[in-house]
Amino acid sequence: MSSPQDSYRHGDADPSPQQLPPMPAQPAPFGLPGKRPRVRSRRKLWIVLGSVGGVLLLVILGVVILVNVVNSATNQARGLADDFTKKVIAGEVTTAYDDYLDPALQQQLSKEAFISGVKSLELDNSCKPAYTELKVATENGLKSADVSGQITCTGKKVDLAYRFEGTNDLKMTNIKLRPAG
C-alpha cells in the first residue's frame, strides 16, 4: 500500500501546490522609494476661511461698539430726564433749574417763572414719569437728546418734552411741562 506521501513522490497523483492570489501592491513605507500618495494642499482653503473669519470678527466688533455707544448716550439721556423729573416732582425746583437748565434757556426762562410754572402743575408723590420717545444724536461733536412722555399722577397727567444738548455734559435747552389735554 502506498501512503499519500508515496503517491506524491512517485508522481501517481498530481497534487499541485496551492497558489495564493496575488498580493495587492502596497504603497511604499515612508522613507522608501516608491510612489507617494498625492496630498492636496489646503492652503487656499485656510486663507479663505481665515479671511472670512477676520471680516466676520470685525463686523461683530463694529456692531458691539455701535450698540454700546448708542445705548450709552440713550442711558445718559434717560438718566438726565429721570433725575430732572424726580427733582421737579419732589419739589426741588430750584435745584432742578440750577443743575439741569442750560444758561441760554435760563436767560429765556427766569427762575421765578420756572418755579411758579411747576407749582401750578400741583405735582405730588403719586406722580410717576413714563417716557414714550427718546431720540439721541451726535453731529459734529454736539450730542443731543429729545425726550418726551407723560407724568402720570392721581387724577391727572402732565405732558413733558425735554431737549438736552452739549459736547460732554448735556444741559436742557428746551422744556415743555403742561397739563395733558
# chains A, B, ... in the order shown; residues from 1 in each chain; ligands from 1
call {"tool": "residues_around", "arguments": {"residues": "Ser110 of chain A", "least_positions_apart": "5", "cutoff": "12 Å", "atoms": "only C-alpha atoms", "output": "PyMOL selection string"}}
result
chain A and resi 94+97-98+101-105+115-117
call {"tool": "select_by_dssp", "arguments": {"residues": "segment 107-177 of chain A", "states": "alpha helix (DSSP H)", "output": "list of chain:residue names"}}
result
A:Gln107, A:Gln108, A:Lys111, A:Glu112, A:Ala113, A:Phe114, A:Ile115, A:Ser116, A:Gly117, A:Val118, A:Lys119, A:Ser120
call {"tool": "write_last_selection", "arguments": {"atoms": "N, CA and C atoms", "output": "PDB file, in the first residue's frame"}}
result
ATOM      1  N   GLN A 107     -31.687 132.248  30.487  1.00  0.00           N
ATOM      2  CA  GLN A 107     -31.897 133.647  30.078  1.00  0.00           C
ATOM      3  C   GLN A 107     -33.305 133.852  29.520  1.00  0.00           C
ATOM      4  N   GLN A 108     -33.844 132.826  28.860  1.00  0.00           N
ATOM      5  CA  GLN A 108     -35.197 132.928  28.294  1.00  0.00           C
ATOM      6  C   GLN A 108     -36.275 132.693  29.349  1.00  0.00           C
ATOM      7  N   LYS A 111     -35.922 132.022  36.773  1.00  0.00           N
ATOM      8  CA  LYS A 111     -36.100 131.034  37.833  1.00  0.00           C
ATOM      9  C   LYS A 111     -37.486 131.175  38.457  1.00  0.00           C
ATOM     10  N   GLU A 112     -37.933 132.405  38.658  1.00  0.00           N
ATOM     11  CA  GLU A 112     -39.249 132.641  39.265  1.00  0.00           C
ATOM     12  C   GLU A 112     -40.366 132.102  38.371  1.00  0.00           C
ATOM     13  N   ALA A 113     -40.278 132.347  37.075  1.00  0.00           N
ATOM     14  CA  ALA A 113     -41.298 131.853  36.135  1.00  0.00           C
ATOM     15  C   ALA A 113     -41.302 130.321  36.110  1.00  0.00           C
ATOM     16  N   PHE A 114     -40.114 129.718  36.141  1.00  0.00           N
ATOM     17  CA  PHE A 114     -39.999 128.258  36.156  1.00  0.00           C
ATOM     18  C   PHE A 114     -40.639 127.688  37.421  1.00  0.00           C
ATOM     19  N   ILE A 115     -40.298 128.265  38.570  1.00  0.00           N
ATOM     20  CA  ILE A 115     -40.823 127.773  39.848  1.00  0.00           C
ATOM     21  C   ILE A 115     -42.342 127.907  39.896  1.00  0.00           C
ATOM     22  N   SER A 116     -42.874 129.048  39.487  1.00  0.00           N
ATOM     23  CA  SER A 116     -44.336 129.232  39.533  1.00  0.00           C
ATOM     24  C   SER A 116     -45.036 128.322  38.531  1.00  0.00           C
ATOM     25  N   GLY A 117     -44.412 128.083  37.374  1.00  0.00           N
ATOM     26  CA  GLY A 117     -45.000 127.180  36.386  1.00  0.00           C
ATOM     27  C   GLY A 117     -45.085 125.753  36.893  1.00  0.00           C
ATOM     28  N   VAL A 118     -44.025 125.286  37.525  1.00  0.00           N
ATOM     29  CA  VAL A 118     -44.013 123.924  38.075  1.00  0.00           C
ATOM     30  C   VAL A 118     -45.015 123.806  39.222  1.00  0.00           C
ATOM     31  N   LYS A 119     -45.076 124.820  40.091  1.00  0.00           N
ATOM     32  CA  LYS A 119     -46.023 124.775  41.214  1.00  0.00           C
ATOM     33  C   LYS A 119     -47.460 124.742  40.729  1.00  0.00           C
ATOM     34  N   SER A 120     -47.737 125.380  39.587  1.00  0.00           N
ATOM     35  CA  SER A 120     -49.112 125.401  39.071  1.00  0.00           C
ATOM     36  C   SER A 120     -49.566 124.010  38.610  1.00  0.00           C
TER      37      SER A 120
END
call {"tool": "select_by_dssp", "arguments": {"residues": "segment 39-139 of chain A", "states": "strand (DSSP E or B)", "output": "list of chain:residue names"}}
result
A:Leu101, A:Lys128, A:Pro129, A:Ala130, A:Tyr131, A:Thr132, A:Glu133, A:Leu134, A:Lys135, A:Val136, A:Ala137, A:Thr138, A:Glu139
call {"tool": "write_last_selection", "arguments": {"atoms": "C-alpha atoms", "output": "compact mmCIF listing (two decimals), in the first residue's frame"}}
result
# COMPACT_ATOMS: atom_id res chain seq x y z
CA LEU A 101 -31.09 124.09 32.52
CA LYS A 128 -44.51 108.90 38.07
CA PRO A 129 -42.78 109.69 34.76
CA ALA A 130 -43.12 107.49 31.68
CA TYR A 131 -41.07 108.24 28.57
CA THR A 132 -42.62 107.37 25.23
CA GLU A 133 -39.88 108.67 22.97
CA LEU A 134 -36.16 109.02 23.37
CA LYS A 135 -34.05 110.15 20.40
CA VAL A 136 -30.30 110.56 20.66
CA ALA A 137 -28.00 112.02 18.02
CA THR A 138 -24.45 113.30 17.62
CA GLU A 139 -23.49 115.79 14.94
call {"tool": "closest_residue", "arguments": {"among": "A:Ala161, A:Ala90, A:Ala145, A:Ala77", "to": "Asp124 of chain A", "atoms": "only C-alpha atoms"}}
result
A:Ala90
